[in-house]
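Pasting coords-v4.txt here (compact mmCIF, C-alpha atoms):
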# COMPACT_ATOMS: atom_id res chain seq x y z
CA MET T 380 13.08 -30.90 -9.59
CA GLY T 381 12.41 -34.49 -10.66
CA ILE T 382 9.44 -34.60 -8.35
CA LEU T 383 7.49 -32.11 -10.46
CA SER T 384 7.04 -34.31 -13.50
CA LYS T 385 5.75 -36.97 -11.10
CA LEU T 386 3.33 -34.56 -9.44
CA PHE T 387 2.11 -33.19 -12.75
CA GLY T 388 2.15 -36.50 -14.59
CA THR T 389 1.72 -35.52 -18.21
CA LYS T 390 4.25 -32.69 -18.34
CA SER T 391 7.89 -33.06 -19.24
CA GLU T 392 10.70 -32.37 -16.81
CA GLU T 393 12.23 -30.00 -19.39
CA SER T 394 9.20 -27.68 -19.28
CA PHE T 395 9.67 -27.20 -15.52
CA GLN T 396 13.43 -26.74 -15.88
CA GLU T 397 12.90 -24.16 -18.59
CA MET T 398 10.44 -22.23 -16.40
CA GLU T 399 12.79 -22.36 -13.43
CA SER T 400 15.76 -21.06 -15.48
CA ASP T 401 13.56 -18.22 -16.65
CA LEU T 402 12.55 -17.43 -13.05
CA ILE T 403 16.17 -17.52 -11.81
CA LYS T 404 17.20 -15.12 -14.59
CA PHE T 405 14.33 -12.82 -13.67
CA GLN T 406 15.15 -12.92 -9.94
CA LYS T 407 18.74 -11.86 -10.68
CA LYS T 408 17.60 -9.17 -13.07
CA ILE T 409 15.29 -7.47 -10.58
CA ASN T 410 17.48 -8.34 -7.57
CA ALA T 411 14.59 -9.96 -5.68
CA GLU T 412 15.25 -11.74 -2.42
CA MET T 413 13.14 -14.69 -3.50
CA ILE T 414 10.49 -15.61 -6.04
CA ALA T 415 8.51 -18.83 -5.94
CA ILE T 416 5.60 -20.72 -7.35
CA PHE T 417 4.33 -22.88 -4.53
CA GLY T 418 1.46 -25.06 -3.38
CA THR T 419 -1.37 -23.36 -1.50
CA GLY T 420 -3.76 -26.29 -1.15
CA GLY T 421 -4.30 -30.03 -1.32
CA ARG T 422 -1.27 -32.30 -1.64
CA LEU T 423 0.92 -29.43 -2.81
CA LYS T 424 0.23 -27.18 0.19
CA GLY T 425 3.40 -25.39 1.36
CA LEU T 426 5.59 -27.05 -1.26
CA PRO T 427 7.85 -24.72 -3.28
CA LEU T 428 7.55 -25.95 -6.87
CA ILE T 429 9.51 -23.59 -9.10
CA TYR T 430 11.67 -21.04 -7.33
CA ALA T 431 14.67 -18.74 -7.28
CA THR T 432 16.33 -17.84 -4.01
CA SER T 433 19.70 -17.64 -2.33
CA ASP T 434 18.34 -19.32 0.80
CA ASP T 435 16.29 -22.50 0.32
CA ASN T 436 15.50 -22.84 4.03
CA ASP T 437 14.08 -19.34 4.28
CA LEU T 438 11.99 -19.96 1.21
CA LYS T 439 10.52 -23.16 2.65
CA LYS T 440 9.68 -21.42 5.94
CA ILE T 441 8.06 -18.47 4.22
CA SER T 442 6.05 -20.71 1.87
CA ALA T 443 4.70 -22.60 4.88
CA ARG T 444 3.91 -19.45 6.88
CA LEU T 445 2.33 -17.75 3.92
CA ASN T 446 -0.07 -20.67 3.73
CA GLU T 447 -1.06 -20.11 7.36
CA LEU T 448 -1.81 -16.51 6.45
CA LEU T 449 -3.79 -17.34 3.33
CA LYS T 450 -6.56 -19.11 5.24
CA PRO T 451 -7.74 -16.01 7.15
CA VAL T 452 -7.23 -13.94 3.99
CA ASN T 453 -9.47 -16.33 2.07
CA ASN T 454 -12.05 -16.31 4.88
CA LEU T 455 -12.07 -12.53 4.82
CA SER T 456 -12.17 -12.31 1.08
CA ASP T 457 -14.98 -14.82 0.64
CA ASN T 458 -17.22 -13.54 -2.19
CA ARG T 459 -14.82 -10.70 -2.94
CA ALA T 460 -12.40 -12.68 -5.09
CA PHE T 461 -9.17 -11.01 -3.95
CA ARG T 462 -6.42 -12.46 -6.11
CA ASP T 463 -3.51 -10.23 -5.11
CA LEU T 464 -2.01 -9.56 -1.72
CA ILE T 465 0.76 -7.04 -1.16
CA ILE T 466 2.29 -6.58 2.27
CA ASN T 467 4.53 -3.58 2.71
CA PHE T 468 7.00 -3.87 5.54
CA GLU T 469 9.44 -1.20 6.62
CA ASP T 470 12.09 -2.28 4.10
CA SER T 471 10.60 -5.10 2.05
CA THR T 472 7.49 -5.88 0.09
CA LEU T 473 5.83 -9.26 -0.21
CA PHE T 474 3.75 -9.78 -3.33
CA PHE T 475 1.40 -12.74 -3.63
CA LYS T 476 -0.87 -13.83 -6.46
CA GLN T 477 -3.06 -16.88 -6.71
CA ILE T 478 -2.42 -18.78 -9.98
CA LEU T 479 -4.73 -21.77 -9.58
CA THR T 480 -6.86 -22.80 -6.59
CA ASN T 481 -3.97 -24.82 -5.18
CA ILE T 482 -0.98 -22.88 -6.53
CA GLY T 483 0.29 -19.37 -5.84
CA TYR T 484 3.15 -17.09 -6.83
CA PHE T 485 5.01 -14.92 -4.36
CA ALA T 486 8.06 -12.72 -4.25
CA ILE T 487 9.93 -10.66 -1.73
CA ILE T 488 11.63 -7.53 -2.98
CA GLN T 489 13.07 -4.40 -1.42
CA ASN T 490 10.31 -1.87 -0.94
CA THR T 491 12.24 0.68 -2.99
CA ASN T 492 11.63 -1.53 -6.04
CA SER T 493 8.42 -1.58 -8.00
CA ILE T 494 6.15 -4.63 -8.02
CA LEU T 495 5.27 -3.95 -11.65
CA PRO T 496 7.97 -6.27 -13.11
CA LEU T 497 6.63 -9.09 -10.89
CA LYS T 498 3.17 -8.62 -12.35
CA GLN T 499 4.53 -8.33 -15.87
CA TRP T 500 6.58 -11.52 -15.55
CA PHE T 501 3.51 -13.34 -14.34
CA TYR T 502 1.04 -12.05 -16.94
CA LYS T 503 3.42 -12.85 -19.80
CA ARG T 504 3.56 -16.46 -18.63
CA GLU T 505 0.14 -16.86 -17.07
CA SER T 506 -1.33 -19.26 -19.60
CA LYS T 507 1.90 -21.27 -19.85
CA LEU T 508 2.09 -21.55 -16.05
CA LYS T 509 -1.54 -22.58 -15.76
CA GLU T 510 -1.13 -25.20 -18.41
CA LEU T 511 2.06 -26.50 -16.81
CA LEU T 512 0.72 -26.61 -13.27
CA HIS T 513 -2.78 -27.85 -13.93
CA ASP T 514 -3.35 -31.26 -12.37
CA MET R 594 -13.11 6.23 0.69
CA ILE R 595 -12.57 4.64 4.06
CA GLN R 596 -14.57 1.41 4.05
CA SER R 597 -14.13 0.48 7.66
CA ILE R 598 -12.27 1.28 10.88
CA LEU R 599 -11.47 -1.35 13.44
CA ILE R 600 -9.95 -0.87 16.88
CA LEU R 601 -8.50 -3.88 18.67
CA LYS R 602 -6.66 -4.41 21.90
CA LYS R 603 -3.16 -5.73 21.28
CA SER R 604 -4.30 -8.94 22.91
CA GLY R 605 -6.76 -9.35 20.01
CA GLU R 606 -10.04 -8.33 21.68
CA ASN R 607 -12.28 -6.28 19.48
CA ILE R 608 -13.04 -2.85 20.97
CA CYS R 609 -15.00 -1.19 18.23
CA SER R 610 -15.62 -1.36 14.50
CA LYS R 611 -17.44 0.95 12.16
CA SER R 612 -18.22 0.49 8.47
CA PHE R 613 -18.70 3.41 6.11
CA GLY R 614 -18.91 1.77 2.69
CA ASP R 615 -21.14 -0.86 1.20
CA ILE R 616 -18.78 -3.54 2.37
CA GLU R 617 -19.46 -5.05 5.75
CA TRP R 618 -16.33 -6.56 7.25
CA GLU R 619 -17.32 -9.45 9.44
CA GLU R 620 -15.75 -8.63 12.82
CA THR R 621 -14.55 -12.09 13.85
CA LEU R 622 -13.02 -12.86 10.46
CA THR R 623 -11.37 -9.46 10.31
CA SER R 624 -9.87 -9.82 13.81
CA GLY R 625 -8.61 -13.30 12.83
CA PHE R 626 -7.06 -11.87 9.71
CA ILE R 627 -5.33 -9.04 11.60
CA SER R 628 -3.95 -11.48 14.20
CA ALA R 629 -2.68 -13.76 11.40
CA ILE R 630 -0.96 -10.83 9.67
CA PHE R 631 0.81 -9.77 12.85
CA ALA R 632 1.81 -13.38 13.64
CA PHE R 633 3.17 -13.82 10.11
CA THR R 634 5.13 -10.57 10.35
CA GLN R 635 6.64 -11.39 13.73
CA LYS R 636 7.66 -14.91 12.72
CA THR R 637 8.94 -14.10 9.27
CA PHE R 638 10.34 -10.59 9.12
CA GLU R 639 12.35 -8.58 11.55
CA GLU R 640 10.59 -5.50 10.34
CA ASP R 641 7.46 -3.60 11.25
CA LEU R 642 4.38 -4.01 9.13
CA ASP R 643 3.56 -0.86 7.23
CA ASP R 644 0.47 -1.44 5.14
CA LEU R 645 -1.19 -4.10 3.09
CA GLU R 646 -3.01 -4.25 -0.24
CA LEU R 647 -5.75 -6.76 -0.78
CA GLY R 648 -7.40 -6.66 -4.19
CA PRO R 649 -8.88 -3.16 -4.62
CA TYR R 650 -8.42 -2.27 -0.95
CA ARG R 651 -5.60 -1.09 1.22
CA ILE R 652 -5.26 -1.78 4.92
CA LEU R 653 -3.30 0.52 7.18
CA PHE R 654 -2.28 -0.15 10.78
CA GLU R 655 -1.51 2.29 13.55
CA GLN R 656 -0.33 0.99 16.91
CA GLY R 657 -0.73 2.65 20.29
CA ASP R 658 0.52 1.37 23.66
CA GLU R 659 -2.56 -0.79 24.18
CA ILE R 660 -4.38 -0.78 20.87
CA ILE R 661 -4.12 -1.45 17.15
CA LEU R 662 -6.19 0.72 14.84
CA VAL R 663 -6.94 -0.63 11.38
CA ALA R 664 -8.35 1.26 8.42
CA PHE R 665 -9.71 -0.52 5.32
CA PHE R 666 -9.90 1.89 2.41
CA ASP R 667 -9.91 2.14 -1.37
CA LYS R 668 -6.49 1.82 -3.00
CA SER R 669 -6.97 5.16 -4.74
CA ASP R 670 -7.17 7.09 -1.42
CA SER R 671 -4.18 9.00 -0.10
CA ILE R 672 -2.42 6.91 2.50
CA ILE R 673 -1.11 10.10 4.14
CA ASN R 674 -4.63 11.36 4.71
CA ILE R 675 -5.78 8.07 6.23
CA ARG R 676 -2.65 7.75 8.37
CA GLN R 677 -3.29 11.22 9.75
CA LYS R 678 -6.86 10.29 10.67
CA LEU R 679 -5.73 7.07 12.35
CA LYS R 680 -3.08 8.94 14.36
CA GLU R 681 -5.63 11.51 15.48
CA LEU R 682 -8.04 8.74 16.45
CA LYS R 683 -5.31 6.85 18.31
CA ASP R 684 -4.36 9.93 20.36
CA ILE R 685 -7.95 10.71 21.33
CA VAL R 686 -8.83 7.07 22.13
CA SER R 687 -5.67 6.64 24.21
CA SER R 688 -6.32 9.74 26.26
CA LYS R 689 -10.13 9.42 26.58
CA TYR R 690 -10.31 5.68 27.23
CA GLY R 691 -6.78 5.06 28.55
CA HIS R 692 -8.03 4.03 32.02
CA ILE R 693 -10.26 1.33 30.46
CA LEU R 694 -7.65 0.11 27.99
CA THR R 695 -5.17 -0.76 30.74
CA LYS R 696 -7.63 -3.20 32.33
CA ASP R 697 -7.03 -6.89 31.57
CA ILE R 698 -10.57 -7.44 30.36
CA CYS R 699 -12.80 -4.74 28.97
CA SER R 700 -16.09 -4.94 27.14
CA PRO R 701 -17.10 -2.85 24.11
CA ASP R 702 -19.92 -1.33 26.26
CA GLU R 703 -17.31 0.57 28.26
CA PHE R 704 -16.32 2.61 25.22
CA GLU R 705 -19.34 4.87 25.13
CA GLY R 706 -19.20 7.46 22.38
CA LEU R 707 -16.36 5.73 20.51
CA GLU R 708 -18.40 4.96 17.40
CA GLU R 709 -19.47 8.59 17.15
CA LEU R 710 -15.87 9.68 17.62
CA ILE R 711 -14.72 7.42 14.76
CA GLU R 712 -17.53 8.74 12.59
CA ARG R 713 -16.58 12.36 13.31
CA ILE R 714 -12.88 11.89 12.56
CA VAL R 715 -13.50 9.89 9.38
CA SER R 716 -16.03 12.37 8.00
CA GLU R 717 -13.96 15.43 8.96
CA SER R 718 -12.28 16.89 5.93
CA LEU R 719 -8.60 17.49 6.46
CA ASP R 720 -8.88 20.91 4.98
CA VAL R 721 -6.00 23.26 4.60
CA ARG R 722 -5.75 25.00 7.94
CA LEU R 723 -4.26 28.30 6.84
CA ASN R 724 -5.17 31.82 7.73
CA ASN R 725 -6.53 33.92 4.88
CA ALA R 726 -3.47 36.16 4.59
CA THR R 727 -1.12 33.20 4.16
CA LYS R 728 -3.48 31.50 1.74
CA SER R 729 -3.62 34.69 -0.37
CA GLN R 730 0.16 34.79 -0.55
CA TYR R 731 0.26 31.18 -1.80
CA ILE R 732 -2.49 31.88 -4.33
CA SER R 733 -0.70 34.96 -5.59
CA ILE R 734 2.51 32.95 -6.21
CA LEU R 735 0.51 30.21 -7.94
CA ASP R 736 -1.27 32.78 -10.15
CA SER R 737 2.00 34.33 -11.19
CA PHE R 738 3.51 30.87 -11.83
CA ARG R 739 0.47 29.87 -13.87
CA SER R 740 0.77 32.99 -16.02
CA ASN R 741 4.08 31.71 -17.40
CA PRO R 742 3.39 30.48 -20.95
CA GLU R 743 5.21 27.20 -20.28
CA ILE R 744 2.92 26.29 -17.37
CA LEU R 745 -0.53 24.93 -18.22
CA ASP R 746 -1.72 24.53 -14.65
CA CYS R 747 -0.47 24.27 -11.10
CA ASP R 748 -1.62 23.83 -7.52
CA LEU R 749 -0.34 23.16 -4.05
CA ILE R 750 -1.30 19.84 -2.51
CA THR R 751 -1.02 19.40 1.23
CA SER R 752 0.71 16.42 2.77
CA TYR R 753 -2.81 15.17 3.61
CA GLY R 754 -3.63 15.03 -0.09
CA VAL R 755 -5.88 18.10 -0.21
CA PRO R 756 -5.46 20.55 -3.13
CA LEU R 757 -5.23 24.19 -2.05
CA THR R 758 -6.98 26.16 -4.75
CA LYS R 759 -9.20 24.13 -7.00
CA GLU R 760 -11.34 21.13 -7.74
CA TRP R 761 -9.29 18.42 -9.43
CA ASN R 762 -10.41 15.74 -11.77
CA LYS R 763 -10.72 12.84 -9.33
CA GLU R 764 -8.89 10.32 -11.46
CA PHE R 765 -6.01 12.71 -12.05
CA LEU R 766 -5.82 13.69 -8.38
CA ASP R 767 -5.80 9.98 -7.43
CA LEU R 768 -2.86 9.43 -9.75
CA CYS R 769 -0.97 12.37 -8.23
CA LEU R 770 -1.74 11.29 -4.67
CA ARG R 771 -0.40 7.81 -5.36
CA MET R 772 2.83 9.45 -6.48
CA ILE R 773 2.87 11.97 -3.64
CA ASP R 774 2.58 9.15 -1.08
CA ALA R 775 6.10 8.19 -2.10
CA PHE R 776 7.50 11.47 -0.70
CA TRP R 777 6.52 10.42 2.79
CA LYS R 778 6.56 6.64 2.47
CA THR R 779 9.98 6.03 0.98
CA LYS R 780 12.33 5.81 3.92
CA GLN R 781 15.52 4.75 2.23
CA TYR R 782 15.75 7.68 -0.16
CA VAL R 783 14.71 11.27 0.29
CA LEU R 784 12.62 12.08 -2.73
CA ASP R 785 12.44 15.74 -3.78
CA GLN R 786 10.69 15.57 -7.11
CA ILE R 787 8.65 13.20 -9.24
CA ILE R 788 8.17 13.81 -12.94
CA LEU R 789 5.44 12.06 -14.88
CA THR R 790 5.51 12.38 -18.62
CA TYR R 791 2.57 11.68 -20.86
CA GLU R 792 1.89 12.70 -24.44
CA GLU R 793 5.07 14.83 -24.26
CA ARG R 794 3.68 16.86 -21.37
CA HIS R 795 5.35 16.79 -17.99
CA LEU R 796 3.58 16.76 -14.67
CA ILE R 797 6.09 17.76 -12.02
CA LEU R 798 5.43 17.07 -8.34
CA HIS R 799 7.95 18.95 -6.21
CA LYS R 800 8.10 18.49 -2.45
CA ILE R 801 8.52 21.95 -0.95
CA ASN R 802 8.51 21.03 2.72
CA GLU R 803 6.68 18.69 5.12
CA GLU R 804 3.42 20.56 4.41
CA PHE R 805 3.19 21.04 0.67
CA VAL R 806 3.87 19.55 -2.74
CA LEU R 807 3.79 21.86 -5.75
CA SER R 808 2.20 20.24 -8.78
CA ALA R 809 2.82 21.76 -12.19
CA LEU R 810 1.54 20.66 -15.56
CA VAL R 811 3.97 21.81 -18.22
CA ARG R 812 3.11 22.72 -21.82
CA ARG R 813 3.86 20.10 -24.47
CA ASN R 814 7.44 20.09 -25.80
CA THR R 815 8.77 22.39 -23.07
CA PRO R 816 12.31 21.20 -22.30
CA ILE R 817 12.39 19.37 -18.98
CA GLY R 818 15.35 21.44 -17.76
CA LEU R 819 13.44 24.69 -18.20
CA ALA R 820 10.34 23.19 -16.59
CA THR R 821 12.19 22.05 -13.45
CA LEU R 822 13.91 25.42 -13.22
CA LEU R 823 10.54 27.21 -13.23
CA VAL R 824 9.19 24.79 -10.62
CA ASP R 825 12.28 25.35 -8.45
CA GLU R 826 11.78 29.11 -8.58
CA ALA R 827 8.10 28.92 -7.61
CA SER R 828 8.87 26.40 -4.86
CA SER R 829 11.52 28.68 -3.38
CA LEU R 830 9.05 31.56 -3.23
CA ILE R 831 6.44 29.36 -1.52
CA ALA R 832 9.00 27.96 0.92
CA ARG R 833 9.87 31.49 2.05
CA ILE R 834 6.35 32.15 3.33
CA GLU R 835 6.21 31.68 7.08
Structure rendered as structure tokens:
Amino acid sequence: MGILSKLFGTKSEESFQEMESDLIKFQKKINAEMIAIFGTGGRLKGLPLIYATSDDNDLKKISARLNELLKPVNNLSDNRAFRDLIINFEDSTLFFKQILTNIGYFAIIQNTNSILPLKQWFYKRESKLKELLHD
Amino acid sequence: MIQSILILKKSGENICSKSFGDIEWEETLTSGFISAIFAFTQKTFEEDLDDLELGPYRILFEQGDEIILVAFFDKSDSIINIRQKLKELKDIVSSKYGHILTKDICSPDEFEGLEELIERIVSESLDVRLNNATKSQYISILDSFRSNPEILDCDLITSYGVPLTKEWNKEFLDLCLRMIDAFWKTKQYVLDQIILTYEERHLILHKINEEFVLSALVRRNTPIGLATLLVDEASSLIARIE
């Protein structure tokens, strides 16, 4: 976690810790497999920044692979400004939302659960997250 | 509405694409996107890809032995309806062009008539294919159900998302279809009934069988127990019709 205050120079370590505790609480509450705020571009690309998961390795792999997927999505969505991506698998759902040009938010939940709480969590904290993660 | 249909070989070659909306999907970018999605799914999840939502659009995949069919459509459309069209298209393409599809290399020129076929299937309305006698029996049950003072309105909706008796307000039908999709999409639980409550009115969607969902709009302040009982009774009558 210490790395974040170095990456985002002017913000305090406590602000990131507070956000991560909030995310961990939320992940437990909705029983999500993983939830993360991660880098999607520049020096942060593929780097999980604030996250809640029971398997760190899986989260790192998925963050990296999701980045590989985002390039063709962005190519396809050029001029259409798609900000949300939802992939429904047989049993799980992956929800992705772009926060800033180089930072995204994703979660994996069981597909029997609604994605609405994921959106609500994000919208309630959108401005705080943007302020915290702005370079 | 369906914005676009794309047919690819599993190896990634583009066989045919056809746009119906204002949005032109650039073929190369779309094929790249589809390949990336399948690669991501295979590497990351041990599960099959079902569908995908991208901004205001939904993307549905149907796989045959040799091909992948992709439909880009508006999120408000019934996924059941689109899936049915894709399955129909897959079956016809596989049987009509099967001998070409098994070749290692094939060019789009070899698929003569495919664009017209896509156009026909997409524009075809998945109307209720019932004989008049059966339809009259359904309508008679619905009329009698509707005459109950607790019931404001009702209709049967087919599993393809087509209402049986009347024109619906599009926005309201869209809302119902989004709910009805869950009857066929949810694999882990078998859903029988969905109740939406707004302004103290209940809209009950009751799955009768694989063909029909009974929708009933219940008068304000009617107890939910009574409402579901009435819906159960009407559903049983409809289910008895051969």
Could you tell me which residues of chain T sit within 12 Å of chain R when counting only C-alpha atoms, and give me the result as a ChimeraX atom specification? /T:437-477,487,489-493
Between atom CA of Leu823 of chain R and atom CA of Leu768 of chain R, what is the distance in Å, rounded to a tenth? 22.5 Å
At a cut-off of 10 Å, using only C-alpha atoms, what residues contact Asp748 of chain R? Leave out same-chain residues fewer than 4 positions from it and give the result as a PyMOL selection string. chain R and resi 731-732+735-736+738-739+756-759+761+798+805-810
Build an axis-aligned box that encloses every atom of segment 441-453 of chain T listed in the file, pad it by 5 Å on each side, and report its centre and edge lengths in Å to one decimal, as AutoDock Vina command-line options.
--center_x -0.7 --center_y -18.3 --center_z 4.6 --size_x 27.5 --size_y 18.7 --size_z 15.5
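Atom pair atom CA of Gly420 of chain T / atom CA of Pro496 of chain T has a distance of 26.1 Å (rounded to one decimal).
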Which of these, R:Ile660, R:Ile711, R:Ala726, R:Ile608, has the shortest distance to Glu681 of chain R once you count all atoms listed in the file? R:Ile711
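What separates atom CA of Asp746 of chain R from atom CA of Ile788 of chain R is a distance of 14.7 Å.
Across R:His692, R:Glu804, R:Gly754, R:Ile834, the tightest approach to Arg676 of chain R is made by R:Gly754 when counting all atoms listed in the file.
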Sphere at (-18.8, -1.9, 6.3), radius 12 Å, counting all atoms listed in the file: residues as a ChimeraX atom specification: /R:594-599,610-620,623,664-666
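Distances from T:Leu383, T:Met413, T:Ile478, T:Ile403 to Ser506 of chain T were compared using only C-alpha atoms, and the smallest one belongs to T:Ile478.
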Can you list, as a PyMOL selection string, every protein, DNA or RNA residue that comes within 12 Å of Leu796 of chain R when you count all atoms listed in the file, leaving out same-chain residues fewer than 4 positions away? chain R and resi 743-748+765-766+768-769+772+786-792+807-813+815+817+820-821+824
Selection from above, C-alpha atoms, as a PDB file, in the coordinates of the input, can you write it?
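What landed in result.pdb:
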ATOM      1  CA  GLU R 743       5.210  27.200 -20.280  1.00  0.00           C
ATOM      2  CA  ILE R 744       2.920  26.290 -17.370  1.00  0.00           C
ATOM      3  CA  LEU R 745      -0.530  24.930 -18.220  1.00  0.00           C
ATOM      4  CA  ASP R 746      -1.720  24.530 -14.650  1.00  0.00           C
ATOM      5  CA  CYS R 747      -0.470  24.270 -11.100  1.00  0.00           C
ATOM      6  CA  ASP R 748      -1.620  23.830  -7.520  1.00  0.00           C
ATOM      7  CA  PHE R 765      -6.010  12.710 -12.050  1.00  0.00           C
ATOM      8  CA  LEU R 766      -5.820  13.690  -8.380  1.00  0.00           C
ATOM      9  CA  LEU R 768      -2.860   9.430  -9.750  1.00  0.00           C
ATOM     10  CA  CYS R 769      -0.970  12.370  -8.230  1.00  0.00           C
ATOM     11  CA  MET R 772       2.830   9.450  -6.480  1.00  0.00           C
ATOM     12  CA  GLN R 786      10.690  15.570  -7.110  1.00  0.00           C
ATOM     13  CA  ILE R 787       8.650  13.200  -9.240  1.00  0.00           C
ATOM     14  CA  ILE R 788       8.170  13.810 -12.940  1.00  0.00           C
ATOM     15  CA  LEU R 789       5.440  12.060 -14.880  1.00  0.00           C
ATOM     16  CA  THR R 790       5.510  12.380 -18.620  1.00  0.00           C
ATOM     17  CA  TYR R 791       2.570  11.680 -20.860  1.00  0.00           C
ATOM     18  CA  GLU R 792       1.890  12.700 -24.440  1.00  0.00           C
ATOM     19  CA  LEU R 807       3.790  21.860  -5.750  1.00  0.00           C
ATOM     20  CA  SER R 808       2.200  20.240  -8.780  1.00  0.00           C
ATOM     21  CA  ALA R 809       2.820  21.760 -12.190  1.00  0.00           C
ATOM     22  CA  LEU R 810       1.540  20.660 -15.560  1.00  0.00           C
ATOM     23  CA  VAL R 811       3.970  21.810 -18.220  1.00  0.00           C
ATOM     24  CA  ARG R 812       3.110  22.720 -21.820  1.00  0.00           C
ATOM     25  CA  ARG R 813       3.860  20.100 -24.470  1.00  0.00           C
ATOM     26  CA  THR R 815       8.770  22.390 -23.070  1.00  0.00           C
ATOM     27  CA  ILE R 817      12.390  19.370 -18.980  1.00  0.00           C
ATOM     28  CA  ALA R 820      10.340  23.190 -16.590  1.00  0.00           C
ATOM     29  CA  THR R 821      12.190  22.050 -13.450  1.00  0.00           C
ATOM     30  CA  VAL R 824       9.190  24.790 -10.620  1.00  0.00           C
TER      31      VAL R 824
END
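Distances from R:Ser829, R:Thr727, R:Thr695, R:Ser733 to Ser604 of chain R were compared using all atoms listed in the file, and the smallest one belongs to R:Thr695.
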